[in-house]
Amino acid sequence: MATEAQRLRGLVQVERRHASRLVAEARQRRRRLPSRREFVTAVLTSGSFVACALVFALAAHSARRFDPLVASLLVVGFAVLSHLEFELGSGSVVPTQLVFVPMLFLLPLPLVPLAACASYLLGGAFDLAAGRLHAARAASLVGCAWFALPPALVLWLAGEDAPAWSSWPLYALALGAQFAGDLLHTATHERLAHHIAPRTLLRPVVRVYAFDLLLTPAAFLAALSASEGDLAFLALLPLAGVFSTLARERKARLDAALDAARLEALANTDPLTGLANRRVWQEQLPRLVEKARSSSLAVCVLDIDFFKAYNDRHGHSAGDTLLAQTARAWELELEPTDLLARLGGEEFALAMPGRDMVTAHAFLERLRRLVADNQTCSAGLAYYHRGDTAETLVERADAALYRAKRAGRDQTKIAA
């Protein structure tokens, strides 16, 4: 039972670290110049939205009267609420549903998608002024309004009737259309622009839609009152103060989590290569040895040949580049269960659970051919024997490494 509890705690910690990583990446992306891929994706998603929204606005007839004051209040309210972000994964939850639902019942439906787009652009102007958004990313804000087009179209096809509780099946269909439009846009944008798989977004997206679903009844009540001719939907705006407080607390917790993740990375990661450091190696190897009693384990120590001479010829900066490029090339070849660490200088260690001596040796030879700048590498390989500890296993691999060096380097020796 204790082992299962530890496993579950470990999964929760991994999930939290992954969520924190997505949040950190999303924050950084907003402030920097978009890559060509990101810009092209933004143009495609935003351009397709503008085309569809304009066709809807120009071709569809609406019997509703356009009130500039109501439209302005809704757009400004939407823009304000869009800044009360609860960051989740690569996106965020915002309480804009409180204003979007009244939009659907107070504005001519063909204009609703464009009103949502104007709201996002107004909110983006605030972010630009505060330095939270790079100007070149403004184009991506337009595509964020994709969610508004499907529900507006559904309600327009149904006849733009006044809000009524008896029409709840229609409203459920419109809400489903809203979620579908947003999901399609989000999954497409994140996949094309950032290579984030749709399944990675599933949990944050479900939370976003659950949040919107909970806000929808209150927003509908406001729309119901406002349809009588007053501005009752404005009573919802004081909720912005509540959401603002919650959003600040959420941001503070995420900031603390990101700081903790950075400290953990500093403690466990080699700063030059990005690999695990000696501390992680010494902590993890005993656990792998313990598991090897019922499976198999190969341990290797690698050393880049004549590294000091390389530094003397090319300079220490070139030597650092050699180590970093080699580490990246090796890391791409690893299985998820492998553990590769930099022990110090030009020395690395590799643990390969589940591999027998033949496959471990073949894999090691492949790694040795990947050393950057045509440099060579020597290696010592030891296979777990009954009674081995982490220390004895590394000692045998280390002894095999020195045999490889004495034999002329650029080769692998296997420990007895």
# chains A, B, ... in the order shown; residues from 1 in each chain; ligands from 1
>>> closest_atom_pairs(of="segment 305-392 of chain A", to="segment 266-282 of chain A", cutoff="8 Å", atoms="only C-alpha atoms", output="tab-separated table")
residue	atom	partner	partner_atom	distance
A:Asp320	CA	A:Leu272	CA	7.2
A:Leu323	CA	A:Thr273	CA	6.8
A:Ala324	CA	A:Thr273	CA	4.6
A:Gln325	CA	A:Thr273	CA	7.9
A:Ala327	CA	A:Thr273	CA	6.0
A:Arg328	CA	A:Thr273	CA	7.4
A:Leu339	CA	A:Trp281	CA	7.8
A:Leu340	CA	A:Ala276	CA	6.6
A:Ala341	CA	A:Ala276	CA	4.5
A:Arg342	CA	A:Asn277	CA	5.4
A:Leu343	CA	A:Arg278	CA	4.8
A:Gly344	CA	A:Arg278	CA	7.5
>>> write_last_selection(atoms="N, CA and C atoms", output="JSON list (two decimals), in the first residue's frame")
[["chain", "number", "residue", "atom", "x", "y", "z"],
["A", 320, "ASP", "N", 33.28, 23.13, -24.38],
["A", 320, "ASP", "CA", 31.93, 23.12, -23.82],
["A", 320, "ASP", "C", 30.91, 22.77, -24.90],
["A", 323, "LEU", "N", 30.94, 19.04, -25.60],
["A", 323, "LEU", "CA", 30.23, 18.27, -24.58],
["A", 323, "LEU", "C", 28.72, 18.41, -24.72],
["A", 324, "ALA", "N", 28.25, 19.64, -24.95],
["A", 324, "ALA", "CA", 26.80, 19.88, -25.06],
["A", 324, "ALA", "C", 26.22, 19.19, -26.28],
["A", 325, "GLN", "N", 26.91, 19.27, -27.42],
["A", 325, "GLN", "CA", 26.39, 18.64, -28.64],
["A", 325, "GLN", "C", 26.40, 17.13, -28.52],
["A", 327, "ALA", "N", 26.15, 15.40, -25.72],
["A", 327, "ALA", "CA", 25.08, 15.03, -24.78],
["A", 327, "ALA", "C", 23.72, 15.04, -25.47],
["A", 328, "ARG", "N", 23.48, 16.05, -26.32],
["A", 328, "ARG", "CA", 22.20, 16.11, -27.03],
["A", 328, "ARG", "C", 22.04, 14.94, -27.99],
["A", 339, "LEU", "N", 19.14, 6.11, -17.91],
["A", 339, "LEU", "CA", 19.59, 7.25, -17.11],
["A", 339, "LEU", "C", 20.99, 7.63, -17.57],
["A", 340, "LEU", "N", 21.12, 8.81, -18.15],
["A", 340, "LEU", "CA", 22.39, 9.34, -18.60],
["A", 340, "LEU", "C", 22.75, 10.55, -17.76],
["A", 341, "ALA", "N", 23.95, 10.57, -17.21],
["A", 341, "ALA", "CA", 24.37, 11.67, -16.33],
["A", 341, "ALA", "C", 25.78, 12.11, -16.68],
["A", 342, "ARG", "N", 26.05, 13.38, -16.44],
["A", 342, "ARG", "CA", 27.43, 13.87, -16.55],
["A", 342, "ARG", "C", 28.01, 13.87, -15.15],
["A", 343, "LEU", "N", 29.08, 13.09, -14.96],
["A", 343, "LEU", "CA", 29.70, 12.98, -13.65],
["A", 343, "LEU", "C", 30.65, 14.12, -13.37],
["A", 344, "GLY", "N", 31.17, 14.73, -14.43],
["A", 344, "GLY", "CA", 32.12, 15.83, -14.27],
["A", 344, "GLY", "C", 33.10, 15.85, -15.43]]
>>> select_by_dssp(residues="segment 29-261 of chain A", states="strand (DSSP E or B)", output="list of chain:residue names")
A:Phe86, A:Glu87, A:Leu88, A:Gly91, A:Ser92, A:Val93
>>> atom_distance(atom1="atom CA of Asp67 of chain A", atom2="atom CA of Leu107 of chain A")
7.6 Å
>>> closest_residue(among="A:Gly354, A:Ala118, A:Ser62, A:Val50", to="Leu74 of chain A", atoms="only C-alpha atoms")
A:Ala118
>>> select_by_dssp(residues="segment 285-317 of chain A", states="helix (DSSP H, G or I)", output="ChimeraX atom specification")
/A:285-292,307-314,316-317
>>> write_last_selection(atoms="N, CA and C atoms", output="PDB file, in the first residue's frame")
ATOM      1  N   LEU A 285      20.816   5.442  -9.118  1.00  0.00           N
ATOM      2  CA  LEU A 285      21.435   4.150  -9.449  1.00  0.00           C
ATOM      3  C   LEU A 285      21.123   3.062  -8.424  1.00  0.00           C
ATOM      4  N   PRO A 286      21.185   3.326  -7.112  1.00  0.00           N
ATOM      5  CA  PRO A 286      20.831   2.271  -6.159  1.00  0.00           C
ATOM      6  C   PRO A 286      19.422   1.720  -6.366  1.00  0.00           C
ATOM      7  N   ARG A 287      18.483   2.571  -6.771  1.00  0.00           N
ATOM      8  CA  ARG A 287      17.123   2.098  -7.031  1.00  0.00           C
ATOM      9  C   ARG A 287      17.091   1.191  -8.253  1.00  0.00           C
ATOM     10  N   LEU A 288      17.861   1.530  -9.277  1.00  0.00           N
ATOM     11  CA  LEU A 288      17.921   0.688 -10.459  1.00  0.00           C
ATOM     12  C   LEU A 288      18.578  -0.654 -10.150  1.00  0.00           C
ATOM     13  N   VAL A 289      19.599  -0.629  -9.306  1.00  0.00           N
ATOM     14  CA  VAL A 289      20.261  -1.875  -8.904  1.00  0.00           C
ATOM     15  C   VAL A 289      19.287  -2.756  -8.118  1.00  0.00           C
ATOM     16  N   GLU A 290      18.486  -2.143  -7.267  1.00  0.00           N
ATOM     17  CA  GLU A 290      17.500  -2.906  -6.503  1.00  0.00           C
ATOM     18  C   GLU A 290      16.513  -3.604  -7.444  1.00  0.00           C
ATOM     19  N   LYS A 291      16.065  -2.900  -8.470  1.00  0.00           N
ATOM     20  CA  LYS A 291      15.140  -3.495  -9.424  1.00  0.00           C
ATOM     21  C   LYS A 291      15.808  -4.569 -10.275  1.00  0.00           C
ATOM     22  N   ALA A 292      17.129  -4.447 -10.472  1.00  0.00           N
ATOM     23  CA  ALA A 292      17.845  -5.392 -11.330  1.00  0.00           C
ATOM     24  C   ALA A 292      17.874  -6.796 -10.748  1.00  0.00           C
ATOM     25  N   PHE A 307      40.419  14.919 -24.274  1.00  0.00           N
ATOM     26  CA  PHE A 307      39.606  16.126 -24.188  1.00  0.00           C
ATOM     27  C   PHE A 307      40.445  17.339 -23.790  1.00  0.00           C
ATOM     28  N   LYS A 308      41.420  17.145 -22.926  1.00  0.00           N
ATOM     29  CA  LYS A 308      42.277  18.267 -22.531  1.00  0.00           C
ATOM     30  C   LYS A 308      43.031  18.814 -23.737  1.00  0.00           C
ATOM     31  N   ALA A 309      43.529  17.920 -24.582  1.00  0.00           N
ATOM     32  CA  ALA A 309      44.237  18.367 -25.784  1.00  0.00           C
ATOM     33  C   ALA A 309      43.286  19.118 -26.721  1.00  0.00           C
ATOM     34  N   TYR A 310      42.034  18.662 -26.798  1.00  0.00           N
ATOM     35  CA  TYR A 310      41.038  19.349 -27.631  1.00  0.00           C
ATOM     36  C   TYR A 310      40.812  20.771 -27.112  1.00  0.00           C
ATOM     37  N   ASN A 311      40.718  20.905 -25.782  1.00  0.00           N
ATOM     38  CA  ASN A 311      40.551  22.235 -25.200  1.00  0.00           C
ATOM     39  C   ASN A 311      41.752  23.124 -25.488  1.00  0.00           C
ATOM     40  N   ASP A 312      42.933  22.550 -25.382  1.00  0.00           N
ATOM     41  CA  ASP A 312      44.147  23.335 -25.620  1.00  0.00           C
ATOM     42  C   ASP A 312      44.208  23.824 -27.062  1.00  0.00           C
ATOM     43  N   ARG A 313      43.747  23.002 -27.996  1.00  0.00           N
ATOM     44  CA  ARG A 313      43.804  23.385 -29.419  1.00  0.00           C
ATOM     45  C   ARG A 313      42.714  24.377 -29.798  1.00  0.00           C
ATOM     46  N   HIS A 314      41.497  24.149 -29.296  1.00  0.00           N
ATOM     47  CA  HIS A 314      40.343  24.918 -29.772  1.00  0.00           C
ATOM     48  C   HIS A 314      39.793  25.921 -28.757  1.00  0.00           C
ATOM     49  N   HIS A 316      38.376  26.556 -24.468  1.00  0.00           N
ATOM     50  CA  HIS A 316      37.399  25.942 -23.562  1.00  0.00           C
ATOM     51  C   HIS A 316      35.961  26.117 -24.044  1.00  0.00           C
ATOM     52  N   SER A 317      35.684  27.196 -24.765  1.00  0.00           N
ATOM     53  CA  SER A 317      34.334  27.390 -25.289  1.00  0.00           C
ATOM     54  C   SER A 317      33.989  26.293 -26.289  1.00  0.00           C
TER      55      SER A 317
END
>>> residues_around(residues="Trp168 of chain A", least_positions_apart="5", cutoff="12 Å", atoms="only C-alpha atoms", output="PDB file with N, CA and C atoms, in the first residue's frame")
ATOM      1  N   LEU A 155     -27.880  29.621 -32.965  1.00  0.00           N
ATOM      2  CA  LEU A 155     -29.018  30.410 -32.485  1.00  0.00           C
ATOM      3  C   LEU A 155     -29.667  31.213 -33.620  1.00  0.00           C
ATOM      4  N   PRO A 163     -34.654  35.029 -25.046  1.00  0.00           N
ATOM      5  CA  PRO A 163     -34.263  33.937 -24.141  1.00  0.00           C
ATOM      6  C   PRO A 163     -35.441  33.414 -23.339  1.00  0.00           C
ATOM      7  N   LEU A 173     -27.320  22.822 -27.200  1.00  0.00           N
ATOM      8  CA  LEU A 173     -26.687  22.608 -28.506  1.00  0.00           C
ATOM      9  C   LEU A 173     -25.725  23.745 -28.843  1.00  0.00           C
ATOM     10  N   ALA A 174     -26.143  24.970 -28.555  1.00  0.00           N
ATOM     11  CA  ALA A 174     -25.280  26.128 -28.825  1.00  0.00           C
ATOM     12  C   ALA A 174     -24.017  26.084 -27.966  1.00  0.00           C
ATOM     13  N   LEU A 175     -24.169  25.677 -26.698  1.00  0.00           N
ATOM     14  CA  LEU A 175     -22.998  25.585 -25.823  1.00  0.00           C
ATOM     15  C   LEU A 175     -22.046  24.502 -26.309  1.00  0.00           C
ATOM     16  N   THR A 216     -22.389  29.695 -17.062  1.00  0.00           N
ATOM     17  CA  THR A 216     -23.438  29.921 -18.048  1.00  0.00           C
ATOM     18  C   THR A 216     -24.812  30.205 -17.431  1.00  0.00           C
ATOM     19  N   PRO A 217     -25.284  29.468 -16.404  1.00  0.00           N
ATOM     20  CA  PRO A 217     -26.616  29.778 -15.856  1.00  0.00           C
ATOM     21  C   PRO A 217     -26.744  31.201 -15.328  1.00  0.00           C
ATOM     22  N   PHE A 220     -26.938  33.517 -18.190  1.00  0.00           N
ATOM     23  CA  PHE A 220     -28.234  33.439 -18.870  1.00  0.00           C
ATOM     24  C   PHE A 220     -29.308  34.223 -18.104  1.00  0.00           C
TER      25      PHE A 220
END
